[in-house]
file target11.txt (compact mmCIF, N, CA and C atoms)
# COMPACT_ATOMS: atom_id res chain seq x y z
N MET A 1 -3.20 0.52 35.25
CA MET A 1 -4.10 0.11 34.20
C MET A 1 -3.42 0.39 32.86
N GLY A 2 -3.48 -0.56 31.97
CA GLY A 2 -2.83 -0.39 30.68
C GLY A 2 -3.55 -1.18 29.61
N ILE A 3 -3.00 -1.14 28.46
CA ILE A 3 -3.58 -1.86 27.33
C ILE A 3 -2.59 -2.93 26.91
N SER A 4 -3.08 -4.12 26.70
CA SER A 4 -2.22 -5.18 26.19
C SER A 4 -2.92 -5.87 25.04
N PHE A 5 -2.14 -6.32 24.08
CA PHE A 5 -2.69 -7.00 22.92
C PHE A 5 -2.64 -8.50 23.17
N VAL A 6 -3.75 -9.13 22.94
CA VAL A 6 -3.84 -10.57 23.13
C VAL A 6 -4.26 -11.19 21.81
N TYR A 7 -3.55 -12.19 21.41
CA TYR A 7 -3.88 -12.89 20.18
C TYR A 7 -4.87 -14.00 20.51
N GLU A 8 -6.03 -13.94 19.88
CA GLU A 8 -7.04 -14.97 20.10
C GLU A 8 -7.05 -15.91 18.90
N HIS A 9 -6.98 -17.18 19.18
CA HIS A 9 -6.97 -18.19 18.12
C HIS A 9 -8.35 -18.84 18.04
N GLU A 10 -8.93 -18.79 16.85
CA GLU A 10 -10.21 -19.44 16.62
C GLU A 10 -10.09 -20.33 15.39
N GLU A 11 -10.68 -21.48 15.45
CA GLU A 11 -10.64 -22.43 14.34
C GLU A 11 -11.92 -22.29 13.51
N TYR A 12 -11.75 -22.24 12.20
CA TYR A 12 -12.87 -22.18 11.27
C TYR A 12 -12.66 -23.21 10.19
N GLY A 13 -13.74 -23.63 9.59
CA GLY A 13 -13.65 -24.51 8.43
C GLY A 13 -13.23 -23.72 7.21
N PHE A 14 -12.96 -24.42 6.14
CA PHE A 14 -12.46 -23.78 4.92
C PHE A 14 -13.43 -22.72 4.40
N PHE A 15 -14.69 -23.07 4.22
CA PHE A 15 -15.65 -22.13 3.64
C PHE A 15 -15.99 -21.00 4.60
N GLU A 16 -16.02 -21.29 5.88
CA GLU A 16 -16.25 -20.24 6.87
C GLU A 16 -15.07 -19.26 6.88
N SER A 17 -13.86 -19.78 6.70
CA SER A 17 -12.67 -18.92 6.62
C SER A 17 -12.74 -18.00 5.41
N LEU A 18 -13.17 -18.56 4.28
CA LEU A 18 -13.33 -17.72 3.08
C LEU A 18 -14.38 -16.63 3.31
N GLY A 19 -15.45 -16.99 4.00
CA GLY A 19 -16.49 -16.00 4.30
C GLY A 19 -16.00 -14.89 5.20
N LYS A 20 -15.08 -15.17 6.08
CA LYS A 20 -14.54 -14.15 6.98
C LYS A 20 -13.39 -13.38 6.32
N ALA A 21 -12.77 -13.96 5.31
CA ALA A 21 -11.63 -13.30 4.66
C ALA A 21 -12.05 -12.07 3.87
N TRP A 22 -13.21 -12.14 3.21
CA TRP A 22 -13.65 -11.00 2.40
C TRP A 22 -13.90 -9.75 3.23
N PRO A 23 -14.68 -9.82 4.30
CA PRO A 23 -14.87 -8.60 5.10
C PRO A 23 -13.55 -8.09 5.70
N PHE A 24 -12.67 -9.01 6.09
CA PHE A 24 -11.39 -8.60 6.64
C PHE A 24 -10.55 -7.87 5.58
N SER A 25 -10.61 -8.36 4.34
CA SER A 25 -9.87 -7.71 3.25
C SER A 25 -10.38 -6.30 3.00
N PHE A 26 -11.71 -6.14 3.02
CA PHE A 26 -12.27 -4.80 2.81
C PHE A 26 -11.96 -3.88 3.99
N TYR A 27 -11.90 -4.44 5.18
CA TYR A 27 -11.51 -3.66 6.36
C TYR A 27 -10.08 -3.16 6.19
N LEU A 28 -9.18 -4.03 5.72
CA LEU A 28 -7.79 -3.61 5.50
C LEU A 28 -7.71 -2.55 4.41
N CYS A 29 -8.50 -2.70 3.35
CA CYS A 29 -8.53 -1.68 2.28
C CYS A 29 -8.96 -0.34 2.84
N ASP A 30 -9.95 -0.34 3.69
CA ASP A 30 -10.44 0.89 4.30
C ASP A 30 -9.35 1.55 5.14
N LEU A 31 -8.63 0.75 5.93
CA LEU A 31 -7.53 1.30 6.74
C LEU A 31 -6.45 1.92 5.86
N ILE A 32 -6.10 1.24 4.79
CA ILE A 32 -5.05 1.73 3.90
C ILE A 32 -5.49 3.01 3.21
N LEU A 33 -6.72 3.03 2.71
CA LEU A 33 -7.22 4.24 2.03
C LEU A 33 -7.36 5.40 3.01
N ASP A 34 -7.75 5.12 4.25
CA ASP A 34 -7.82 6.18 5.26
C ASP A 34 -6.43 6.77 5.52
N ALA A 35 -5.42 5.91 5.62
CA ALA A 35 -4.06 6.39 5.85
C ALA A 35 -3.56 7.20 4.66
N LEU A 36 -3.83 6.72 3.46
CA LEU A 36 -3.41 7.44 2.26
C LEU A 36 -4.13 8.78 2.14
N GLY A 37 -5.44 8.77 2.36
CA GLY A 37 -6.20 10.01 2.32
C GLY A 37 -5.77 10.97 3.42
N GLY A 38 -5.33 10.40 4.56
CA GLY A 38 -4.87 11.22 5.67
C GLY A 38 -3.64 12.04 5.35
N LEU A 39 -2.87 11.60 4.35
CA LEU A 39 -1.72 12.40 3.92
C LEU A 39 -2.17 13.74 3.34
N PHE A 40 -3.33 13.74 2.69
CA PHE A 40 -3.83 14.96 2.07
C PHE A 40 -4.64 15.81 3.04
N THR A 41 -5.26 15.18 4.05
CA THR A 41 -6.05 15.93 5.01
C THR A 41 -5.26 16.33 6.24
N GLY A 42 -4.09 15.70 6.43
CA GLY A 42 -3.27 16.02 7.59
C GLY A 42 -3.47 15.10 8.78
N SER A 43 -4.40 14.14 8.67
CA SER A 43 -4.62 13.23 9.80
C SER A 43 -3.56 12.14 9.87
N THR A 44 -2.84 11.90 8.78
CA THR A 44 -1.70 10.98 8.77
C THR A 44 -0.44 11.82 8.65
N GLN A 45 0.49 11.61 9.55
CA GLN A 45 1.73 12.38 9.52
C GLN A 45 2.76 11.69 8.64
N LEU A 46 3.67 12.49 8.08
CA LEU A 46 4.71 11.93 7.23
C LEU A 46 5.58 10.92 7.99
N LYS A 47 5.78 11.13 9.29
CA LYS A 47 6.63 10.22 10.05
C LYS A 47 6.01 8.83 10.17
N ASP A 48 4.71 8.72 9.91
CA ASP A 48 4.04 7.42 9.98
C ASP A 48 4.13 6.65 8.66
N MET A 49 4.67 7.27 7.64
CA MET A 49 4.78 6.63 6.34
C MET A 49 6.22 6.15 6.13
N GLY A 50 6.38 5.25 5.20
CA GLY A 50 7.71 4.75 4.89
C GLY A 50 7.73 4.09 3.53
N GLY A 51 8.91 3.83 3.06
CA GLY A 51 9.09 3.18 1.77
C GLY A 51 9.42 1.71 1.95
N THR A 52 10.12 1.17 0.99
CA THR A 52 10.41 -0.26 1.01
C THR A 52 11.34 -0.65 2.15
N VAL A 53 12.32 0.18 2.46
CA VAL A 53 13.24 -0.14 3.56
C VAL A 53 12.49 -0.18 4.88
N THR A 54 11.59 0.76 5.07
CA THR A 54 10.76 0.79 6.28
C THR A 54 9.86 -0.43 6.34
N ALA A 55 9.29 -0.82 5.20
CA ALA A 55 8.42 -1.99 5.16
C ALA A 55 9.19 -3.26 5.54
N VAL A 56 10.39 -3.41 5.01
CA VAL A 56 11.20 -4.59 5.33
C VAL A 56 11.57 -4.58 6.81
N ALA A 57 11.89 -3.42 7.36
CA ALA A 57 12.21 -3.33 8.78
C ALA A 57 11.00 -3.71 9.64
N GLN A 58 9.82 -3.26 9.24
CA GLN A 58 8.60 -3.61 9.97
C GLN A 58 8.30 -5.10 9.88
N ILE A 59 8.52 -5.67 8.70
CA ILE A 59 8.29 -7.11 8.53
C ILE A 59 9.24 -7.89 9.44
N ALA A 60 10.50 -7.48 9.49
CA ALA A 60 11.47 -8.16 10.36
C ALA A 60 11.07 -8.04 11.82
N GLU A 61 10.61 -6.86 12.22
CA GLU A 61 10.19 -6.66 13.61
C GLU A 61 8.98 -7.51 13.96
N ILE A 62 8.01 -7.55 13.07
CA ILE A 62 6.80 -8.32 13.34
C ILE A 62 7.08 -9.82 13.29
N SER A 63 7.99 -10.24 12.43
CA SER A 63 8.30 -11.67 12.38
C SER A 63 8.96 -12.15 13.66
N GLN A 64 9.60 -11.26 14.39
CA GLN A 64 10.19 -11.61 15.68
C GLN A 64 9.12 -11.82 16.75
N MET A 65 7.93 -11.30 16.52
CA MET A 65 6.84 -11.42 17.50
C MET A 65 6.17 -12.79 17.45
N GLY A 66 6.36 -13.51 16.38
CA GLY A 66 5.77 -14.84 16.28
C GLY A 66 5.06 -15.04 14.95
N ILE A 67 4.84 -16.29 14.63
CA ILE A 67 4.24 -16.64 13.34
C ILE A 67 2.81 -16.12 13.21
N SER A 68 2.05 -16.08 14.29
CA SER A 68 0.66 -15.63 14.19
C SER A 68 0.59 -14.16 13.80
N TYR A 69 1.48 -13.34 14.33
CA TYR A 69 1.50 -11.92 13.96
C TYR A 69 1.98 -11.74 12.52
N PHE A 70 2.96 -12.56 12.14
CA PHE A 70 3.47 -12.49 10.77
C PHE A 70 2.39 -12.87 9.77
N LEU A 71 1.60 -13.90 10.09
CA LEU A 71 0.53 -14.32 9.20
C LEU A 71 -0.58 -13.27 9.11
N LEU A 72 -0.77 -12.48 10.15
CA LEU A 72 -1.73 -11.38 10.08
C LEU A 72 -1.20 -10.22 9.23
N LEU A 73 0.11 -10.12 9.12
CA LEU A 73 0.72 -9.05 8.32
C LEU A 73 0.59 -9.32 6.83
N LEU A 74 0.60 -10.58 6.42
CA LEU A 74 0.59 -10.92 5.00
C LEU A 74 -0.62 -10.35 4.25
N PRO A 75 -1.85 -10.48 4.77
CA PRO A 75 -2.97 -9.88 4.02
C PRO A 75 -2.86 -8.35 3.94
N LEU A 76 -2.31 -7.73 4.97
CA LEU A 76 -2.13 -6.28 4.93
C LEU A 76 -1.17 -5.90 3.81
N LEU A 77 -0.08 -6.62 3.70
CA LEU A 77 0.88 -6.34 2.62
C LEU A 77 0.25 -6.57 1.25
N ALA A 78 -0.50 -7.66 1.12
CA ALA A 78 -1.12 -7.98 -0.17
C ALA A 78 -2.13 -6.91 -0.57
N MET A 79 -2.97 -6.49 0.37
CA MET A 79 -3.97 -5.48 0.06
C MET A 79 -3.32 -4.12 -0.22
N ASN A 80 -2.27 -3.81 0.51
CA ASN A 80 -1.55 -2.57 0.29
C ASN A 80 -0.97 -2.54 -1.12
N LEU A 81 -0.34 -3.62 -1.52
CA LEU A 81 0.24 -3.71 -2.85
C LEU A 81 -0.84 -3.63 -3.93
N ALA A 82 -1.95 -4.34 -3.73
CA ALA A 82 -3.03 -4.34 -4.71
C ALA A 82 -3.65 -2.95 -4.86
N LEU A 83 -3.94 -2.31 -3.74
CA LEU A 83 -4.56 -0.97 -3.80
C LEU A 83 -3.61 0.05 -4.42
N PHE A 84 -2.36 -0.01 -4.01
CA PHE A 84 -1.41 0.97 -4.53
C PHE A 84 -1.23 0.79 -6.04
N ASN A 85 -1.25 -0.44 -6.50
CA ASN A 85 -1.03 -0.72 -7.91
C ASN A 85 -2.17 -0.22 -8.79
N VAL A 86 -3.38 -0.14 -8.28
CA VAL A 86 -4.51 0.32 -9.11
C VAL A 86 -4.71 1.83 -9.04
N LEU A 87 -3.90 2.53 -8.26
CA LEU A 87 -3.99 3.99 -8.25
C LEU A 87 -3.55 4.53 -9.62
N PRO A 88 -4.19 5.59 -10.10
CA PRO A 88 -3.83 6.12 -11.43
C PRO A 88 -2.55 6.95 -11.40
N ILE A 89 -1.49 6.32 -10.95
CA ILE A 89 -0.17 6.95 -10.89
C ILE A 89 0.64 6.42 -12.07
N PRO A 90 1.25 7.30 -12.88
CA PRO A 90 2.03 6.82 -14.02
C PRO A 90 3.05 5.77 -13.59
N SER A 91 3.17 4.76 -14.40
CA SER A 91 4.04 3.59 -14.25
C SER A 91 3.37 2.47 -13.46
N LEU A 92 2.17 2.69 -12.93
CA LEU A 92 1.42 1.64 -12.26
C LEU A 92 0.25 1.20 -13.15
N ASP A 93 -0.35 0.07 -12.82
CA ASP A 93 -1.44 -0.47 -13.64
C ASP A 93 -2.64 0.46 -13.72
N GLY A 94 -2.88 1.23 -12.67
CA GLY A 94 -4.01 2.16 -12.67
C GLY A 94 -3.87 3.21 -13.75
N ALA A 95 -2.66 3.68 -13.98
CA ALA A 95 -2.44 4.67 -15.03
C ALA A 95 -2.61 4.04 -16.40
N ARG A 96 -2.18 2.79 -16.54
CA ARG A 96 -2.38 2.09 -17.82
C ARG A 96 -3.87 1.95 -18.10
N ALA A 97 -4.66 1.68 -17.08
CA ALA A 97 -6.11 1.59 -17.24
C ALA A 97 -6.69 2.93 -17.68
N VAL A 98 -6.15 4.02 -17.18
CA VAL A 98 -6.61 5.35 -17.59
C VAL A 98 -6.32 5.57 -19.07
N PHE A 99 -5.12 5.15 -19.52
CA PHE A 99 -4.79 5.30 -20.94
C PHE A 99 -5.70 4.43 -21.82
N VAL A 100 -6.01 3.24 -21.37
CA VAL A 100 -6.93 2.38 -22.12
C VAL A 100 -8.32 3.02 -22.18
N LEU A 101 -8.75 3.61 -21.07
CA LEU A 101 -10.05 4.29 -21.04
C LEU A 101 -10.06 5.48 -22.00
N ILE A 102 -8.97 6.23 -22.03
CA ILE A 102 -8.87 7.36 -22.98
C ILE A 102 -8.96 6.86 -24.41
N GLU A 103 -8.27 5.75 -24.69
CA GLU A 103 -8.33 5.17 -26.04
C GLU A 103 -9.74 4.72 -26.38
N MET A 104 -10.46 4.17 -25.41
CA MET A 104 -11.83 3.73 -25.65
C MET A 104 -12.75 4.92 -25.93
N ILE A 105 -12.55 6.01 -25.20
CA ILE A 105 -13.40 7.19 -25.36
C ILE A 105 -13.16 7.87 -26.70
N PHE A 106 -11.87 8.08 -27.05
CA PHE A 106 -11.54 8.83 -28.26
C PHE A 106 -11.37 7.92 -29.49
N ARG A 107 -11.44 6.61 -29.28
CA ARG A 107 -11.36 5.63 -30.34
C ARG A 107 -10.10 5.74 -31.20
N LYS A 108 -9.03 6.17 -30.57
CA LYS A 108 -7.73 6.15 -31.24
C LYS A 108 -6.66 6.02 -30.16
N PRO A 109 -5.57 5.35 -30.49
CA PRO A 109 -4.54 5.11 -29.48
C PRO A 109 -3.79 6.38 -29.09
N VAL A 110 -3.39 6.41 -27.83
CA VAL A 110 -2.55 7.50 -27.35
C VAL A 110 -1.16 7.28 -27.94
N ASN A 111 -0.48 8.35 -28.29
CA ASN A 111 0.87 8.25 -28.83
C ASN A 111 1.74 7.46 -27.84
N ARG A 112 2.31 6.34 -28.29
CA ARG A 112 3.07 5.45 -27.41
C ARG A 112 4.32 6.12 -26.85
N LYS A 113 4.93 7.03 -27.62
CA LYS A 113 6.10 7.74 -27.11
C LYS A 113 5.72 8.65 -25.93
N ILE A 114 4.60 9.34 -26.09
CA ILE A 114 4.14 10.22 -25.01
C ILE A 114 3.76 9.39 -23.78
N GLU A 115 3.04 8.31 -24.01
CA GLU A 115 2.67 7.44 -22.88
C GLU A 115 3.91 6.88 -22.21
N GLY A 116 4.90 6.48 -23.00
CA GLY A 116 6.15 5.96 -22.44
C GLY A 116 6.87 6.99 -21.59
N TRP A 117 6.92 8.23 -22.07
CA TRP A 117 7.57 9.29 -21.30
C TRP A 117 6.81 9.58 -20.01
N ILE A 118 5.50 9.57 -20.08
CA ILE A 118 4.69 9.80 -18.87
C ILE A 118 4.96 8.72 -17.84
N HIS A 119 5.01 7.46 -18.28
CA HIS A 119 5.29 6.36 -17.36
C HIS A 119 6.71 6.42 -16.81
N THR A 120 7.67 6.83 -17.65
CA THR A 120 9.05 6.94 -17.19
C THR A 120 9.20 8.02 -16.13
N VAL A 121 8.64 9.19 -16.39
CA VAL A 121 8.69 10.28 -15.41
C VAL A 121 7.95 9.86 -14.14
N GLY A 122 6.81 9.22 -14.29
CA GLY A 122 6.06 8.74 -13.13
C GLY A 122 6.85 7.74 -12.31
N LEU A 123 7.58 6.85 -12.97
CA LEU A 123 8.40 5.87 -12.26
C LEU A 123 9.48 6.55 -11.45
N PHE A 124 10.17 7.51 -12.04
CA PHE A 124 11.22 8.21 -11.31
C PHE A 124 10.66 9.03 -10.15
N LEU A 125 9.50 9.66 -10.36
CA LEU A 125 8.87 10.40 -9.25
C LEU A 125 8.44 9.44 -8.14
N LEU A 126 7.92 8.29 -8.52
CA LEU A 126 7.50 7.29 -7.53
C LEU A 126 8.69 6.76 -6.74
N LEU A 127 9.78 6.45 -7.43
CA LEU A 127 10.99 6.00 -6.74
C LEU A 127 11.54 7.10 -5.84
N GLY A 128 11.49 8.33 -6.30
CA GLY A 128 11.94 9.45 -5.48
C GLY A 128 11.08 9.60 -4.23
N LEU A 129 9.79 9.40 -4.37
CA LEU A 129 8.88 9.48 -3.22
C LEU A 129 9.18 8.39 -2.20
N VAL A 130 9.43 7.17 -2.68
CA VAL A 130 9.77 6.06 -1.79
C VAL A 130 11.07 6.35 -1.04
N ILE A 131 12.06 6.85 -1.76
CA ILE A 131 13.34 7.20 -1.12
C ILE A 131 13.14 8.31 -0.11
N PHE A 132 12.34 9.33 -0.47
CA PHE A 132 12.05 10.42 0.46
C PHE A 132 11.41 9.90 1.74
N PHE A 133 10.39 9.03 1.60
CA PHE A 133 9.71 8.50 2.79
C PHE A 133 10.67 7.71 3.67
N ASP A 134 11.54 6.91 3.06
CA ASP A 134 12.50 6.14 3.86
C ASP A 134 13.48 7.05 4.59
N ILE A 135 14.03 8.02 3.89
CA ILE A 135 14.98 8.95 4.53
C ILE A 135 14.28 9.75 5.61
N TYR A 136 13.09 10.24 5.33
CA TYR A 136 12.34 11.02 6.31
C TYR A 136 12.01 10.18 7.53
N HIS A 137 11.56 8.94 7.29
CA HIS A 137 11.20 8.04 8.39
C HIS A 137 12.41 7.78 9.30
N PHE A 138 13.55 7.50 8.72
CA PHE A 138 14.74 7.22 9.53
C PHE A 138 15.30 8.47 10.18
N ALA A 139 15.14 9.63 9.54
CA ALA A 139 15.57 10.88 10.16
C ALA A 139 14.72 11.19 11.38
N VAL A 140 13.42 10.94 11.29
CA VAL A 140 12.54 11.15 12.44
C VAL A 140 12.88 10.15 13.53
N ALA A 141 13.11 8.89 13.14
CA ALA A 141 13.44 7.86 14.14
C ALA A 141 14.75 8.17 14.85
N ALA A 142 15.68 8.78 14.12
CA ALA A 142 16.98 9.14 14.72
C ALA A 142 16.92 10.50 15.38
N ARG A 143 15.73 11.09 15.40
CA ARG A 143 15.47 12.39 16.00
C ARG A 143 16.27 13.52 15.34
N LEU A 144 16.54 13.35 14.05
CA LEU A 144 17.19 14.41 13.29
C LEU A 144 16.16 15.46 12.88
N LEU A 145 14.92 15.01 12.68
CA LEU A 145 13.81 15.93 12.36
C LEU A 145 12.75 15.78 13.41
N ILE A 146 12.05 16.81 13.71
CA ILE A 146 10.96 16.71 14.69
C ILE A 146 9.67 17.11 14.06
call {"tool": "encode", "arguments": {"input": "target11.txt", "output": "structure tokens"}}
result
Amino acid sequence: MGISFVYEHEEYGFFESLGKAWPFSFYLCDLILDALGGLFTGSTQLKDMGGTVTAVAQIAEISQMGISYFLLLLPLLAMNLALFNVLPIPSLDGARAVFVLIEMIFRKPVNRKIEGWIHTVGLFLLLGLVIFFDIYHFAVAARLLI
């Protein structure tokens, strides 16, 4: 007895497809946020995360499985990118929104030099995190770390 994945193909009209796309998008957002939150609670392990190199490797692997699996991956990538971009992490759009909110509250602009430095440091930390995840992911895959 085992588990096998079966791809089921169903045809929908244009408007019915749009109606099904919204709940599916929110479902993907929930999965992504659960995985991200799991990093802080411990339910998601570091070995399950990866950076851009890992993402490209996964895309290549899934594209070998067939076009239907690849087309299911596209909304996941889009939602992942959208959610990550709105996080209030310096150098991402979410942090810019925080600065705009601060300006609205205090009715004066934040010093652009300070904001620029915050975004620059945030960008380097973000790139460092991506590199760390890729190196860690490949070290675990090569059984260098357990």
call {"tool": "residues_around", "arguments": {"input": "target11.txt", "residues": "Ala57 (chain A)", "least_positions_apart": "6", "cutoff": "12 Å", "atoms": "only C-alpha atoms", "output": "mmCIF file with N, CA and C atoms, keeping the file's coordinate frame"}}
result
data_model
loop_
_atom_site.group_PDB
_atom_site.id
_atom_site.type_symbol
_atom_site.label_atom_id
_atom_site.label_comp_id
_atom_site.auth_asym_id
_atom_site.auth_seq_id
_atom_site.Cartn_x
_atom_site.Cartn_y
_atom_site.Cartn_z
ATOM 1 N N GLY A 50 6.380 5.250 5.200
ATOM 2 C CA GLY A 50 7.710 4.750 4.890
ATOM 3 C C GLY A 50 7.730 4.090 3.530
ATOM 4 N N GLY A 51 8.910 3.830 3.060
ATOM 5 C CA GLY A 51 9.090 3.180 1.770
ATOM 6 C C GLY A 51 9.420 1.710 1.950
ATOM 7 N N SER A 63 7.990 -10.240 12.430
ATOM 8 C CA SER A 63 8.300 -11.670 12.380
ATOM 9 C C SER A 63 8.960 -12.150 13.660
ATOM 10 N N GLN A 64 9.600 -11.260 14.390
ATOM 11 C CA GLN A 64 10.190 -11.610 15.680
ATOM 12 C C GLN A 64 9.120 -11.820 16.750
ATOM 13 N N ASP A 134 11.540 6.910 3.060
ATOM 14 C CA ASP A 134 12.500 6.140 3.860
ATOM 15 C C ASP A 134 13.480 7.050 4.590
ATOM 16 N N HIS A 137 11.560 8.940 7.290
ATOM 17 C CA HIS A 137 11.200 8.040 8.390
ATOM 18 C C HIS A 137 12.410 7.780 9.300
ATOM 19 N N PHE A 138 13.550 7.500 8.720
ATOM 20 C CA PHE A 138 14.740 7.220 9.530
ATOM 21 C C PHE A 138 15.300 8.470 10.180
#
call {"tool": "atom_distance", "arguments": {"input": "target11.txt", "atom1": "CA of Val121 (chain A)", "atom2": "CA of Val86 (chain A)"}}
result
17.7 Å
call {"tool": "residues_near_point", "arguments": {"input": "target11.txt", "point": "(10.4, 1.4, -0.8)", "cutoff": "9 Å", "atoms": "only C-alpha atoms", "output": "list in words"}}
result
Gly50, Gly51, Thr52, Val53, Thr54, Ala55, Val56, Leu127, Leu129, Val130, Ile131, Phe133 and Asp134 of chain A
call {"tool": "closest_residue", "arguments": {"input": "target11.txt", "among": "A:Met65, A:Arg107, A:Pro90, A:Ala60", "to": "Leu126 (chain A)", "atoms": "all atoms listed in the file"}}
result
A:Pro90
call {"tool": "closest_atom_pairs", "arguments": {"input": "target11.txt", "of": "region 70-90 of chain A", "to": "region 8-32 of chain A", "cutoff": "8 Å", "atoms": "only N, CA and C atoms", "output": "CSV"}}
result
residue,atom,partner,partner_atom,distance
A:Pro75,C,A:Leu28,CA,7.0
A:Leu76,CA,A:Leu28,CA,6.3
A:Met79,CA,A:Cys29,N,6.3
A:Asn80,CA,A:Ile32,CA,6.6
A:Leu83,CA,A:Cys29,CA,7.3
call {"tool": "select_by_dssp", "arguments": {"input": "target11.txt", "residues": "region 63-142 of chain A", "states": "helix (DSSP H, G or I)", "output": "MDAnalysis selection string"}}
result
chainID A and resid 63 67:85 93:106 112:141
call {"tool": "atom_distance", "arguments": {"input": "target11.txt", "atom1": "atom N of Val100 (chain A)", "atom2": "atom C of Ile114 (chain A)"}}
result
11.8 Å
call {"tool": "closest_residue", "arguments": {"input": "target11.txt", "among": "A:Glu115, A:Met49, A:Thr44, A:Ser68", "to": "Glu103 (chain A)", "atoms": "only C-alpha atoms"}}
result
A:Glu115
call {"tool": "residues_around", "arguments": {"input": "target11.txt", "residues": "Gln45 (chain A)", "least_positions_apart": "6", "cutoff": "8 Å", "atoms": "only N, CA and C atoms", "output": "VMD selection string"}}
result
chain A and resid 35 38 to 39
call {"tool": "atom_distance", "arguments": {"input": "target11.txt", "atom1": "CA of Gly66 (chain A)", "atom2": "atom C of Leu33 (chain A)"}}
result
27.5 Å
